[in-house]
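Raw contents of structure.tsv, TSV, C-alpha atoms:
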```tsv
chain	number	residue	atom	x	y	z
A	271	MET	CA	21.69	-40.62	-19.34
A	272	ASN	CA	24.02	-37.86	-18.11
A	273	LEU	CA	25.98	-36.32	-20.99
A	274	PRO	CA	28.96	-34.21	-19.83
A	275	HIS	CA	29.09	-32.18	-23.06
A	276	ILE	CA	26.74	-30.39	-25.43
A	277	GLN	CA	26.87	-30.14	-29.22
A	278	PHE	CA	27.17	-26.45	-29.99
A	279	TYR	CA	27.45	-25.34	-33.62
A	280	VAL	CA	29.04	-21.89	-33.66
A	281	GLY	CA	28.38	-21.35	-37.38
A	282	ASP	CA	24.70	-22.21	-37.02
A	283	TRP	CA	24.41	-19.87	-34.02
A	284	ARG	CA	25.92	-17.02	-36.01
A	285	LYS	CA	23.79	-17.67	-39.12
A	286	ASP	CA	20.46	-18.24	-37.36
A	287	MET	CA	18.41	-15.11	-38.16
A	288	GLY	CA	16.11	-15.73	-35.21
A	289	ILE	CA	18.99	-15.70	-32.75
A	290	GLN	CA	20.70	-12.74	-34.38
A	291	THR	CA	17.53	-10.64	-34.13
A	292	LEU	CA	17.52	-11.10	-30.36
A	293	SER	CA	19.23	-8.60	-28.11
A	294	TYR	CA	22.50	-9.62	-26.42
A	295	TYR	CA	20.57	-9.93	-23.18
A	296	HIS	CA	18.01	-12.34	-24.64
A	297	ARG	CA	20.72	-14.31	-26.41
A	298	GLY	CA	22.36	-14.82	-23.03
A	299	VAL	CA	19.06	-15.99	-21.53
A	300	TRP	CA	18.58	-18.42	-24.43
A	301	PHE	CA	22.08	-19.83	-23.91
A	302	GLU	CA	21.32	-20.41	-20.23
A	303	LEU	CA	18.06	-22.09	-21.20
A	304	LEU	CA	19.99	-24.42	-23.52
A	305	MET	CA	22.17	-25.47	-20.58
A	306	LEU	CA	19.07	-26.15	-18.48
A	307	MET	CA	17.45	-28.12	-21.32
A	308	HIS	CA	20.60	-30.19	-21.76
A	309	CYS	CA	20.50	-31.21	-18.10
A	310	SER	CA	16.72	-31.66	-18.07
A	311	GLU	CA	15.09	-35.00	-17.26
A	312	GLN	CA	13.68	-34.76	-20.81
A	313	ARG	CA	16.67	-33.48	-22.74
A	314	GLY	CA	15.79	-30.46	-24.87
A	315	ARG	CA	12.70	-29.54	-22.81
A	316	LEU	CA	12.11	-27.25	-19.85
A	317	VAL	CA	10.32	-29.65	-17.52
A	318	LEU	CA	10.23	-30.19	-13.78
A	319	ALA	CA	8.90	-33.46	-12.38
A	320	GLY	CA	7.57	-34.39	-15.80
A	321	LYS	CA	5.56	-31.17	-16.20
A	322	PRO	CA	6.23	-27.81	-17.87
A	323	MET	CA	8.61	-25.86	-15.65
A	324	PRO	CA	6.75	-23.13	-13.73
A	325	ASN	CA	7.81	-19.57	-14.41
A	326	ALA	CA	8.73	-19.05	-10.76
A	327	ALA	CA	11.09	-22.03	-10.72
A	328	LEU	CA	12.67	-21.00	-14.01
A	329	ALA	CA	13.15	-17.44	-12.71
A	330	ARG	CA	15.03	-18.76	-9.66
A	331	LEU	CA	17.29	-20.91	-11.86
A	332	LEU	CA	18.07	-17.96	-14.13
A	333	GLY	CA	18.48	-15.48	-11.29
A	334	LEU	CA	15.84	-13.19	-12.80
A	335	SER	CA	12.50	-11.83	-11.67
A	336	GLN	CA	9.38	-13.62	-12.86
A	337	GLN	CA	8.48	-10.66	-15.07
A	338	GLU	CA	11.97	-10.58	-16.63
A	339	THR	CA	11.78	-14.33	-17.23
A	340	GLN	CA	8.34	-14.06	-18.80
A	341	ASP	CA	9.45	-11.20	-21.09
A	342	ALA	CA	12.60	-13.04	-22.16
A	343	LEU	CA	10.66	-16.21	-22.99
A	344	ALA	CA	8.15	-14.20	-25.01
A	345	ALA	CA	10.94	-12.60	-27.07
A	346	ILE	CA	12.65	-15.96	-27.67
A	347	LEU	CA	9.41	-17.65	-28.72
A	348	ASP	CA	8.35	-14.75	-30.93
A	349	SER	CA	11.66	-14.91	-32.82
A	350	GLY	CA	11.08	-18.61	-33.57
A	351	VAL	CA	14.25	-19.68	-31.77
A	352	ALA	CA	12.34	-21.91	-29.33
A	353	SER	CA	8.99	-23.68	-29.56
A	354	LYS	CA	6.20	-24.53	-27.16
A	355	ASP	CA	4.12	-27.71	-27.38
A	356	GLU	CA	0.43	-28.13	-26.62
A	357	ALA	CA	1.18	-28.88	-22.96
A	358	GLY	CA	2.97	-25.54	-22.65
A	359	THR	CA	6.51	-26.95	-22.48
A	360	VAL	CA	9.21	-24.77	-24.00
A	361	TYR	CA	11.74	-26.82	-25.97
A	362	CYS	CA	14.66	-26.60	-28.37
A	363	ARG	CA	13.75	-28.31	-31.63
A	364	ARG	CA	17.29	-29.24	-32.58
A	365	MET	CA	18.17	-30.64	-29.15
A	366	VAL	CA	15.00	-32.74	-29.05
A	367	ARG	CA	15.71	-34.09	-32.53
A	368	GLU	CA	19.33	-34.91	-31.71
A	369	GLU	CA	18.26	-36.64	-28.51
A	370	GLU	CA	15.80	-38.82	-30.44
A	371	ILE	CA	18.57	-39.77	-32.90
A	372	ARG	CA	20.99	-40.51	-30.04
A	373	ALA	CA	18.41	-42.77	-28.37
A	374	LYS	CA	17.76	-44.64	-31.64
A	375	ARG	CA	21.49	-45.13	-32.19
A	376	ALA	CA	21.87	-46.47	-28.69
A	377	GLU	CA	18.96	-48.86	-29.20
A	378	ALA	CA	20.31	-49.98	-32.60
A	379	GLY	CA	23.75	-50.49	-31.08
A	380	SER	CA	22.37	-52.65	-28.28
A	381	LYS	CA	20.60	-54.80	-30.89
A	382	GLY	CA	23.59	-54.96	-33.22
A	383	GLY	CA	22.06	-52.57	-35.77
A	384	SER	CA	23.93	-49.98	-37.80
A	385	LYS	CA	24.02	-46.22	-37.39
A	386	ARG	CA	22.56	-45.86	-40.89
A	387	GLN	CA	19.50	-47.86	-39.84
A	388	ALA	CA	19.19	-45.78	-36.68
A	389	ASN	CA	19.26	-42.54	-38.68
A	390	ARG	CA	16.38	-43.70	-40.86
A	391	GLU	CA	12.93	-42.66	-39.74
A	392	GLN	CA	9.87	-44.13	-41.38
A	393	ASN	CA	7.83	-41.14	-40.26
A	394	PRO	CA	8.39	-38.02	-38.15
A	395	ASP	CA	5.63	-38.74	-35.62
A	396	ASN	CA	6.78	-39.38	-32.07
A	397	ASP	CA	5.40	-39.82	-28.58
A	398	ASN	CA	5.76	-36.09	-27.88
A	399	GLY	CA	3.31	-35.15	-30.64
A	400	THR	CA	5.79	-32.80	-32.34
A	401	GLY	CA	5.89	-34.55	-35.72
A	402	LEU	CA	4.69	-31.51	-37.64
A	403	GLU	CA	7.29	-29.31	-35.97
A	404	VAL	CA	10.00	-31.87	-36.79
A	405	VAL	CA	9.05	-31.70	-40.48
A	406	ARG	CA	8.96	-27.89	-40.40
A	407	GLU	CA	12.42	-27.76	-38.83
A	408	PHE	CA	13.83	-30.20	-41.39
A	409	ALA	CA	12.27	-28.17	-44.21
A	410	ARG	CA	13.71	-24.96	-42.76
A	411	GLU	CA	17.21	-26.50	-42.80
A	412	LYS	CA	16.78	-27.54	-46.45
A	413	GLY	CA	15.33	-24.21	-47.61
A	414	ILE	CA	11.82	-25.62	-48.16
A	415	SER	CA	8.80	-23.49	-47.30
A	416	SER	CA	6.68	-24.12	-44.21
A	417	LYS	CA	3.55	-24.61	-46.35
A	418	ASP	CA	5.26	-27.35	-48.34
A	419	ALA	CA	6.33	-28.96	-45.05
A	420	GLU	CA	2.77	-28.92	-43.72
A	421	TRP	CA	1.46	-30.37	-46.99
A	422	PHE	CA	4.01	-33.21	-46.83
A	423	TYR	CA	3.24	-33.96	-43.19
A	424	PHE	CA	-0.54	-34.14	-43.54
A	425	LYS	CA	-0.29	-36.03	-46.84
A	426	GLY	CA	2.02	-38.53	-45.16
A	427	GLN	CA	-0.33	-38.94	-42.22
A	428	GLY	CA	-3.32	-39.37	-44.51
A	429	ASN	CA	-1.55	-42.05	-46.54
A	430	GLY	CA	-0.29	-43.90	-43.47
A	431	TRP	CA	3.26	-42.81	-44.34
A	432	THR	CA	3.36	-44.75	-47.58
A	433	ASN	CA	4.77	-43.83	-50.97
A	434	GLY	CA	3.38	-45.56	-54.02
A	435	GLY	CA	1.45	-47.96	-51.79
A	436	LYS	CA	4.60	-49.07	-49.95
A	437	PRO	CA	5.72	-47.94	-46.47
A	438	MET	CA	8.30	-45.16	-46.46
A	439	LEU	CA	11.73	-46.35	-45.38
A	440	ASP	CA	12.98	-42.82	-44.72
A	441	TRP	CA	10.60	-39.85	-44.69
A	442	LYS	CA	13.43	-37.32	-45.04
A	443	ALA	CA	14.75	-38.99	-48.20
A	444	THR	CA	11.19	-39.17	-49.56
A	445	PHE	CA	10.60	-35.47	-48.83
A	446	LEU	CA	13.80	-34.47	-50.64
A	447	SER	CA	13.08	-36.76	-53.60
A	448	TRP	CA	9.62	-35.19	-53.99
A	449	GLN	CA	11.24	-31.77	-53.94
A	450	ARG	CA	13.73	-32.73	-56.67
A	451	ALA	CA	10.89	-34.17	-58.77
A	452	GLY	CA	8.88	-30.95	-58.43
A	453	TYR	CA	5.93	-32.53	-56.56
A	454	LEU	CA	5.64	-29.89	-53.80
A	455	PRO	CA	2.69	-27.44	-54.01
A	456	SER	CA	4.86	-24.35	-54.39
A	457	GLN	CA	6.68	-25.98	-57.31
A	458	ARG	CA	3.46	-27.02	-59.05
A	459	GLN	CA	2.03	-23.50	-58.65
A	460	SER	CA	5.16	-21.89	-60.08
A	461	ASN	CA	4.90	-24.22	-63.07
A	462	ASN	CA	1.15	-23.52	-63.55
A	463	GLY	CA	0.35	-27.11	-62.80
A	464	GLN	CA	2.79	-28.43	-65.41
A	465	ARG	CA	6.18	-29.94	-65.01
A	466	GLN	CA	9.01	-28.13	-66.70
A	467	PHE	CA	11.17	-30.18	-69.02
A	468	THR	CA	14.34	-29.01	-70.72
A	469	LYS	CA	13.93	-28.82	-74.47
A	470	PRO	CA	16.32	-31.27	-76.11
A	471	LYS	CA	19.04	-29.79	-78.23
A	472	GLU	CA	18.51	-29.97	-81.98
A	473	PRO	CA	20.87	-32.47	-83.65
A	474	ALA	CA	23.67	-31.07	-85.73
A	475	PRO	CA	22.85	-30.98	-89.48
A	476	LEU	CA	24.30	-33.80	-91.56
A	477	TYR	CA	25.29	-31.42	-94.38
A	478	PRO	CA	26.45	-27.82	-94.25
A	479	LYS	CA	23.79	-25.27	-94.93
A	480	LEU	CA	23.82	-23.73	-98.42
A	481	PRO	CA	24.26	-19.98	-98.73
A	482	PRO	CA	21.11	-18.00	-99.41
A	483	ARG	CA	20.00	-17.90	-103.06
A	484	HIS	CA	21.33	-14.96	-105.06
A	485	GLU	CA	18.88	-13.24	-107.42
A	486	LEU	CA	20.66	-12.30	-110.68
A	487	THR	CA	20.34	-8.82	-112.07
A	488	GLU	CA	19.36	-8.12	-115.69
A	489	GLU	CA	23.01	-7.39	-116.58
A	490	GLU	CA	24.13	-10.70	-115.05
A	491	LEU	CA	21.38	-12.59	-116.90
A	492	ALA	CA	22.38	-10.98	-120.19
A	493	ALA	CA	26.01	-11.95	-119.62
A	494	HIS	CA	25.02	-15.55	-118.87
A	495	ARG	CA	22.85	-15.71	-122.00
A	496	LYS	CA	25.76	-14.42	-124.09
A	497	ILE	CA	28.08	-17.07	-122.69
A	498	VAL	CA	25.55	-19.83	-123.38
A	499	ARG	CA	24.94	-18.52	-126.92
A	500	GLU	CA	28.66	-18.35	-127.76
A	501	ALA	CA	29.23	-21.83	-126.32
A	502	SER	CA	26.32	-23.19	-128.41
A	503	GLU	CA	27.63	-21.60	-131.60
A	504	LYS	CA	31.13	-22.94	-130.94
A	505	LEU	CA	29.77	-26.45	-130.37
A	506	ARG	CA	27.65	-26.24	-133.56
A	507	ASN	CA	30.65	-25.16	-135.64
A	508	GLU	CA	32.71	-28.01	-134.27
A	509	LEU	CA	29.99	-30.49	-135.26
A	510	ASN	CA	29.64	-29.09	-138.80
A	511	ARG	CA	33.30	-29.58	-139.70
```

Would you mind giving the structure from this file in structure tokens?
Amino acid sequence: MNLPHIQFYVGDWRKDMGIQTLSYYHRGVWFELLMLMHCSEQRGRLVLAGKPMPNAALARLLGLSQQETQDALAAILDSGVASKDEAGTVYCRRMVREEEIRAKRAEAGSKGGSKRQANREQNPDNDNGTGLEVVREFAREKGISSKDAEWFYFKGQGNGWTNGGKPMLDWKATFLSWQRAGYLPSQRQSNNGQRQFTKPKEPAPLYPKLPPRHELTEEELAAHRKIVREASEKLRNELNR
């Protein structure tokens, strides 16, 4: 499907540390690569006739020498801005993910489904074999470590993408709920294998606390004894009348 426009998030571009560490020259090359990926037969991927685009062909499209193209790609990949799959295809993670969502929405729309159902993914695995990278990218967006993302992915694969014995309805929601519950490895290690609970507040006392006990001095004791003795004598006199 030919899309006449591209989703470009200026704020994300400015905040992406990988992009900002690139030189202005390499940022320009990456922008041109995004345009090529958008128009690619596999949106988000640099392919030609279903195969990874050769360096020579890419150099001609960019108007650069093959060496300049190779150096620019190396810098972009090293910064983590782009990725390369096992077949050697360079791709934009976000564009690939958005294309998969767009395709699911289109399929759900043709079947009368809702956008909410289309946005749900039971698991991140796909035909391109980039499921692990999809989880890493999602974790990166949510501030979750790459190790936690890998743990979640391989645990999900090992369990057949189930949670509590039931199939996951939405792996992203499950991942975030596990994070909130403190199930991720980095959280368990920081807690020394124990979950942290907030100590409940002590209930307010039913009666006001008494002041600390005052120890009487010898002078005060003598005065008290005198008062008691005088009161006793007075009472005795009153009774003897």

Starting from 6 Å padding per side, set up an axis-aligned box that covers all listed atoms of region 356-371 of chain A and hand over centre and edge lengths in Å, one decimal, as AutoDock Vina command-line options.
```
--center_x 9.9 --center_y -32.3 --center_z -27.7 --size_x 30.9 --size_y 27.0 --size_z 22.4
```

(message) Taking all atoms listed in the file into account, name the residue in A:Ala419, A:Met323, A:Val351, A:Ala357 that is nearest to Arg406 (chain A).
(response) A:Ala419

(request) One decimal, Å: what's the distance from CA of Ser310 (chain A) over to CA of Glu356 (chain A), could you say? (result) 18.7 Å

In the coordinates of the file, take the point (1.7, -32.2, -52.1) and a cut-off of 9 Å; then, counting only C-alpha atoms, name each qualifying protein, DNA or RNA residue as an mmCIF file with C-alpha atoms, in the coordinates of the input.
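Below is the file that was written, part-v1.cif:
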```
data_model
loop_
_atom_site.group_PDB
_atom_site.id
_atom_site.type_symbol
_atom_site.label_atom_id
_atom_site.label_comp_id
_atom_site.auth_asym_id
_atom_site.auth_seq_id
_atom_site.Cartn_x
_atom_site.Cartn_y
_atom_site.Cartn_z
ATOM 1 C CA ASP A 418 5.260 -27.350 -48.340
ATOM 2 C CA TRP A 421 1.460 -30.370 -46.990
ATOM 3 C CA PHE A 422 4.010 -33.210 -46.830
ATOM 4 C CA LYS A 425 -0.290 -36.030 -46.840
ATOM 5 C CA TRP A 448 9.620 -35.190 -53.990
ATOM 6 C CA TYR A 453 5.930 -32.530 -56.560
ATOM 7 C CA LEU A 454 5.640 -29.890 -53.800
ATOM 8 C CA PRO A 455 2.690 -27.440 -54.010
ATOM 9 C CA SER A 456 4.860 -24.350 -54.390
ATOM 10 C CA ARG A 458 3.460 -27.020 -59.050
#
```

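As for CA of Val360 (chain A) and CA of Phe445 (chain A), they are spaced 27.1 Å apart.
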
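Counting all atoms listed in the file and comparing A:Glu407, A:Leu273, A:Arg483, A:Arg367, the residue that lies closest to Glu311 (chain A) is A:Leu273.
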
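Counting from CA of Phe301 (chain A), the distance to CA of Asp355 (chain A) is 19.9 Å.
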
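Between Met287 (chain A) and the residues A:Ala326, A:Ala443, A:Val317, A:Ile346, the shortest atom-to-atom distance, using all atoms listed in the file, involves A:Ile346.
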
(request) Can you work out which one of A:Leu328, A:Val405, A:Ala501, A:Leu334 has the shortest atom-to-atom distance to Tyr295 (chain A), counting all atoms listed in the file? (result) A:Leu334

(request) Write out as an NGL selection string each polymer residue whose atoms come within 9 Å of Ala329 (chain A), counting only C-alpha atoms; drop sequence neighbours fewer than 6 positions from it. (result) :A and (335-340)

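Considering all atoms listed in the file, the residue among A:Pro324, A:Asn433, A:Gly281, A:Gly428 positioned nearest to Ser447 (chain A) is A:Asn433.
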